[in-house]
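Trainee: Right, I'll just put the structure down here and ask away after.
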Amino acid sequence: MDIVNKWLVFWEKFGTGGAWQRVLGEGLVNTLLIAFIGLLMGIVIGTLIASVKVMPKYKLLPRILDKICGVYVGFFRGTPIVVQLLLAYYVLFPLCGINIGSLNTCILVFGLNSGAYVSEIMRGGILSVDPGQMEAGRAVGLSYGTTMMKIVVPQAVKHILPTLGNELIALVKDTSVVSFVAAIDLYKTFNEIGNKTYEYLMPYLFMALIYIVLVALITLGIKCMERSLRKSDRSN
Amino acid sequence: MIEAINLTKRYGNLTVLDEISETIHEGERIVIIGPSGSGKSTFLRCLNCMEDPTSGSIMFEGVDLTDMKVDINYHRQRMGMVFQQFNLFNNKTVLQNITLAPLHIGLKGVRDREKRAQIKADIEANAHKLLQRIGLDDWADKYPSTLSGGQKQRVAIVRALAMNPKVILFDEPTSALDPEMVGEVLDLIKQLAEEGMTMVIVTHEMGFAREVASRVFFMDGGKIMEQGTPEDVFERPQCPRLKEFLSKVL
Ligand SMILES: Nc1ncnc2c1ncn2[C@@H]1O[C@H](COP(=O)(O)OP(=O)(O)OP(=O)(O)O)[C@@H](O)[C@H]1O
Ligand SMILES: [Mg+2]
């Protein structure tokens, strides 16, 4: 009886005062924005870092770049994302006089953070591609970078698609800490509903349900992409 | 046209190429034979700097390719290479395999839309012509994974041809093929030979070597131990290592 009551109270608050509009229109949208744009940035940054990491290291420039990438990855993998958000939002950006707002800060930090993780995933993917592909590209006179981007990376991405899906899922869940830097996400909007009634059970359960559905949808999407890729492998 | 000068390659303290000096002239068809591990592939791969020589230099059309300041990509466009494992681009169609590099190079710096379209059309027409030549134009939009080994290797050869190279380097082009497909690939190489293409071929096919070569190198222990016309090398071998090698493979 109590549970039903709690649910009814929550449902009433959810339906009134613009609460659900805020949950879906701001919370959910921001959560998805941070996760998806973060992953896209992460793929770009991660691919660049991975390309540097697998580069032959005879010359000075690749060695210097490799060191820089090493520090970058070490920092972003070695510290919690909350710490990175706090440092960027309250220390680094004010110090540099940058003011891009909390949502943009979150997207940026999630992108940089994801870049460090994707670089490791991408490196594995690149190493799984037959070295003959790189050789063939170089032999027809394409540069290392061109061969990497046109031949090797597309094949690597195919191999690591499931792992990239896991990275996206991790990002979606990690966004739940962005209220540390005053950004509005799913957690924040449900927390506000709880604050109105001092009753948090239902808002948080409902929030968990939304996360589960999101993750399930992403998993499904990745499965579909994999299947269509595999099909094109067989038929053509 | 290609001149190796004191070419040496070491892996650690294993000397794979030992002070090789040799000149390859335009129109020559060099066939390299020799036992496994004698450095044949390494020599070939040093010619277009796929492997960096430890010391010595490679002169190609008057340019030292081992010079770090040289634009190696530009010179590689003029030296085709065909691999034992074909190495077609798996993520590209047969046609794209052939046009990828010519398009990349031909369109570089061209802004004008009409000009770009014209260049693209020319390059694709040329690729179709090459595919017709090997009877695979119907496969233009298929992916390499659907081709047989012999078809793959023939596509790899026309991919090299599409760059209008001055010379083509072949590293055991038929070793990964089923026996019934060896012929079609060798026939294509013979055609190119008749057309006067300069070629350097590493092979274990002695009959083919004899037929196509204008000069044969016998490599052993990182050196070119003996060389000459196919008649000289196969019928009047001088050094004992070559005699021994021929007695095993013929
Ligand atoms: N990347 C490498 N690192 C270390 N040793 C190598 C490397 N590549 C080749 N070698 C060694 O160099 C020697 C010559 O190799 P190479 O591939 O040139 O011989 P090959 O004459 O082409 O032999 P095969 O007929 O088997 O192809 C071999 O002993 C091989 O083990
Ligand atoms: Mg070899």
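Naming scheme: A, B, ... for chains in displayed order of the structure tokens; residues 1 onward per chain; ligands 1 onward as shown.
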May I have the residues of chain A within 12 Å of chain B, counting only C-alpha atoms, written as JSON, numbers by chain?
Mentor: {"A": [56, 58, 59, 129, 130, 131, 132, 133, 134, 135, 136, 137, 138, 139, 140, 141, 142, 143, 144, 145, 146, 147, 148, 149, 150, 151, 152, 153, 154, 155, 156, 157, 158, 229, 232, 233, 234, 235, 236]}
Trainee: Hey, could you make a per-residue contact list for chain B against ligand 2 with 7 Å as the cut-off, showing the nearest pair of atoms and its distance in Å to one decimal, counting only C-alpha atoms and all ligand atoms, sorted by chain and number, as a Markdown table?
Mentor:
```
| residue | atom | partner | partner_atom_place_in_ligand_line | distance |
| --- | --- | --- | --- | --- |
| B:Ser36 | CA | ligand 2 | 1 (Mg) | 7.0 |
| B:Lys40 | CA | ligand 2 | 1 (Mg) | 5.7 |
| B:Ser41 | CA | ligand 2 | 1 (Mg) | 4.1 |
| B:Asp171 | CA | ligand 2 | 1 (Mg) | 6.6 |
| B:Glu172 | CA | ligand 2 | 1 (Mg) | 6.9 |
```
Trainee: Go ahead and write the residues just picked, C-alpha atoms, as a PDB file, in the first residue's frame.
Mentor:
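Saved the output as selection_39.pdb:
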```pdb
ATOM      1  CA  SER B  36      65.073 -19.595 -48.284  1.00  0.00           C
ATOM      2  CA  LYS B  40      65.822 -12.142 -51.645  1.00  0.00           C
ATOM      3  CA  SER B  41      62.750 -10.480 -50.158  1.00  0.00           C
ATOM      4  CA  ASP B 171      57.950 -10.892 -54.284  1.00  0.00           C
ATOM      5  CA  GLU B 172      57.024 -14.524 -54.959  1.00  0.00           C
TER       6      GLU B 172
END
```
Trainee: Using only C-alpha atoms and all ligand atoms, tabulate the residues of chain B lying at most 8 Å from any atom of ligand 1, each with its closest atom pair and that distance in Å to one decimal, by chain and increasing residue number, as a tab-separated table.
Mentor:
```
residue	atom	partner	partner_atom_place_in_ligand_line	distance
B:Tyr11	CA	ligand 1	4 (C)	5.0
B:Gly12	CA	ligand 1	4 (C)	7.6
B:Leu14	CA	ligand 1	5 (N)	7.3
B:Thr15	CA	ligand 1	12 (O)	7.7
B:Val16	CA	ligand 1	12 (O)	5.0
B:Leu17	CA	ligand 1	14 (C)	8.0
B:Gly34	CA	ligand 1	21 (O)	6.5
B:Pro35	CA	ligand 1	25 (O)	5.9
B:Ser36	CA	ligand 1	25 (O)	3.5
B:Gly37	CA	ligand 1	19 (O)	3.5
B:Ser38	CA	ligand 1	21 (O)	3.9
B:Gly39	CA	ligand 1	18 (O)	3.1
B:Lys40	CA	ligand 1	21 (O)	3.8
B:Ser41	CA	ligand 1	22 (O)	3.6
B:Thr42	CA	ligand 1	18 (O)	3.7
B:Phe43	CA	ligand 1	18 (O)	6.4
B:Asp171	CA	ligand 1	22 (O)	8.0
B:Glu172	CA	ligand 1	27 (O)	7.6
B:Val202	CA	ligand 1	22 (O)	7.9
B:His204	CA	ligand 1	25 (O)	7.9
B:Met219	CA	ligand 1	21 (O)	7.6
B:Asp220	CA	ligand 1	21 (O)	7.9
B:Gly222	CA	ligand 1	14 (C)	7.6
```
Trainee: Quick one, how far is atom CA of B:Cys46 from atom CA of B:Glu28?
Mentor: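 So the answer is 18.3 Å.
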Trainee: Within 9 Å of A:Lys53, counting only C-alpha atoms, which residues qualify if same-chain residues fewer than 4 places away don't, as number ranges by chain?
Mentor: A: 48-49, 57, 62, 65-66, 69-70, 119, 123
Trainee: What would the file look like if the residues just selected were written as a JSON list (two decimals), in the first residue's frame with all heavy atoms?
Mentor:
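Writing done, so here's selection.json:
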```json
[["chain", "number", "residue", "atom", "x", "y", "z"],
["A", 48, "LEU", "N", 43.77, 9.41, -33.28],
["A", 48, "LEU", "CA", 45.03, 10.14, -33.48],
["A", 48, "LEU", "C", 46.11, 9.59, -32.55],
["A", 48, "LEU", "O", 47.24, 9.31, -32.97],
["A", 48, "LEU", "CB", 44.83, 11.64, -33.22],
["A", 48, "LEU", "CG", 43.99, 12.36, -34.27],
["A", 48, "LEU", "CD1", 43.75, 13.81, -33.89],
["A", 48, "LEU", "CD2", 44.68, 12.28, -35.63],
["A", 49, "ILE", "N", 45.75, 9.41, -31.27],
["A", 49, "ILE", "CA", 46.74, 8.91, -30.30],
["A", 49, "ILE", "C", 47.20, 7.51, -30.70],
["A", 49, "ILE", "O", 48.40, 7.20, -30.69],
["A", 49, "ILE", "CB", 46.15, 8.89, -28.88],
["A", 49, "ILE", "CG1", 45.85, 10.32, -28.42],
["A", 49, "ILE", "CG2", 47.13, 8.23, -27.90],
["A", 49, "ILE", "CD1", 45.24, 10.40, -27.05],
["A", 57, "LYS", "N", 59.24, 4.21, -34.60],
["A", 57, "LYS", "CA", 59.84, 5.27, -33.78],
["A", 57, "LYS", "C", 61.31, 5.54, -34.10],
["A", 57, "LYS", "O", 62.13, 5.68, -33.20],
["A", 57, "LYS", "CB", 59.71, 4.91, -32.28],
["A", 57, "LYS", "CG", 58.31, 4.60, -31.81],
["A", 57, "LYS", "CD", 57.56, 5.85, -31.45],
["A", 57, "LYS", "CE", 56.18, 5.58, -30.87],
["A", 57, "LYS", "NZ", 55.39, 4.57, -31.55],
["A", 62, "PRO", "N", 58.02, 11.40, -33.95],
["A", 62, "PRO", "CA", 57.10, 10.40, -33.38],
["A", 62, "PRO", "C", 57.40, 10.08, -31.93],
["A", 62, "PRO", "O", 56.49, 9.84, -31.14],
["A", 62, "PRO", "CB", 57.35, 9.16, -34.25],
["A", 62, "PRO", "CG", 57.93, 9.67, -35.51],
["A", 62, "PRO", "CD", 58.70, 10.91, -35.15],
["A", 65, "LEU", "N", 55.96, 12.96, -29.83],
["A", 65, "LEU", "CA", 54.50, 12.82, -29.82],
["A", 65, "LEU", "C", 54.07, 11.68, -28.92],
["A", 65, "LEU", "O", 53.10, 11.78, -28.16],
["A", 65, "LEU", "CB", 53.99, 12.58, -31.24],
["A", 65, "LEU", "CG", 54.04, 13.77, -32.19],
["A", 65, "LEU", "CD1", 53.59, 13.37, -33.60],
["A", 65, "LEU", "CD2", 53.17, 14.91, -31.67],
["A", 66, "ASP", "N", 54.81, 10.57, -29.00],
["A", 66, "ASP", "CA", 54.49, 9.39, -28.20],
["A", 66, "ASP", "C", 54.53, 9.71, -26.70],
["A", 66, "ASP", "O", 53.67, 9.31, -25.94],
["A", 66, "ASP", "CB", 55.47, 8.26, -28.54],
["A", 66, "ASP", "CG", 55.04, 6.95, -27.92],
["A", 66, "ASP", "OD1", 53.91, 6.52, -28.18],
["A", 66, "ASP", "OD2", 55.83, 6.37, -27.15],
["A", 69, "CYS", "N", 51.50, 11.87, -25.79],
["A", 69, "CYS", "CA", 50.31, 11.02, -25.72],
["A", 69, "CYS", "C", 50.32, 10.17, -24.46],
["A", 69, "CYS", "O", 49.28, 9.94, -23.84],
["A", 69, "CYS", "CB", 50.22, 10.11, -26.95],
["A", 69, "CYS", "SG", 49.91, 11.02, -28.46],
["A", 70, "GLY", "N", 51.51, 9.69, -24.09],
["A", 70, "GLY", "CA", 51.65, 8.87, -22.89],
["A", 70, "GLY", "C", 51.19, 9.63, -21.65],
["A", 70, "GLY", "O", 50.46, 9.12, -20.81],
["A", 119, "SER", "N", 41.81, 5.41, -27.24],
["A", 119, "SER", "CA", 43.13, 5.23, -27.86],
["A", 119, "SER", "C", 43.65, 3.82, -27.62],
["A", 119, "SER", "O", 44.23, 3.21, -28.51],
["A", 119, "SER", "CB", 44.12, 6.26, -27.32],
["A", 119, "SER", "OG", 44.52, 5.94, -26.01],
["A", 123, "ARG", "N", 44.15, 1.17, -30.53],
["A", 123, "ARG", "CA", 45.49, 0.62, -30.75],
["A", 123, "ARG", "C", 45.40, -0.89, -30.95],
["A", 123, "ARG", "O", 45.98, -1.46, -31.87],
["A", 123, "ARG", "CB", 46.40, 0.92, -29.56],
["A", 123, "ARG", "CG", 47.87, 0.70, -29.83],
["A", 123, "ARG", "CD", 48.68, 1.15, -28.64],
["A", 123, "ARG", "NE", 48.50, 0.24, -27.52],
["A", 123, "ARG", "CZ", 49.34, -0.75, -27.25],
["A", 123, "ARG", "NH1", 50.41, -0.92, -27.98],
["A", 123, "ARG", "NH2", 49.12, -1.56, -26.24]]
```
Trainee: If you measure from atom CA of A:Leu92 to atom CA of A:Val178, what distance in Å do you get, rounded to one decimal?
Mentor: 16.6 Å
Trainee: Could you state the separation of atom CA of A:Gly111 and atom CA of A:Val23 in Å, given to one decimal place?
Mentor: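 Spanning atom CA of A:Gly111 to atom CA of A:Val23 is a straight-line distance of 23.3 Å.
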Trainee: Of the residues B:Thr174, B:Thr54, B:Asn13, B:Gln191, which is the one nearest to B:Ile134, using only C-alpha atoms?
Mentor: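 Among B:Thr174, B:Thr54, B:Asn13, B:Gln191, it is B:Gln191 that comes nearest to B:Ile134.
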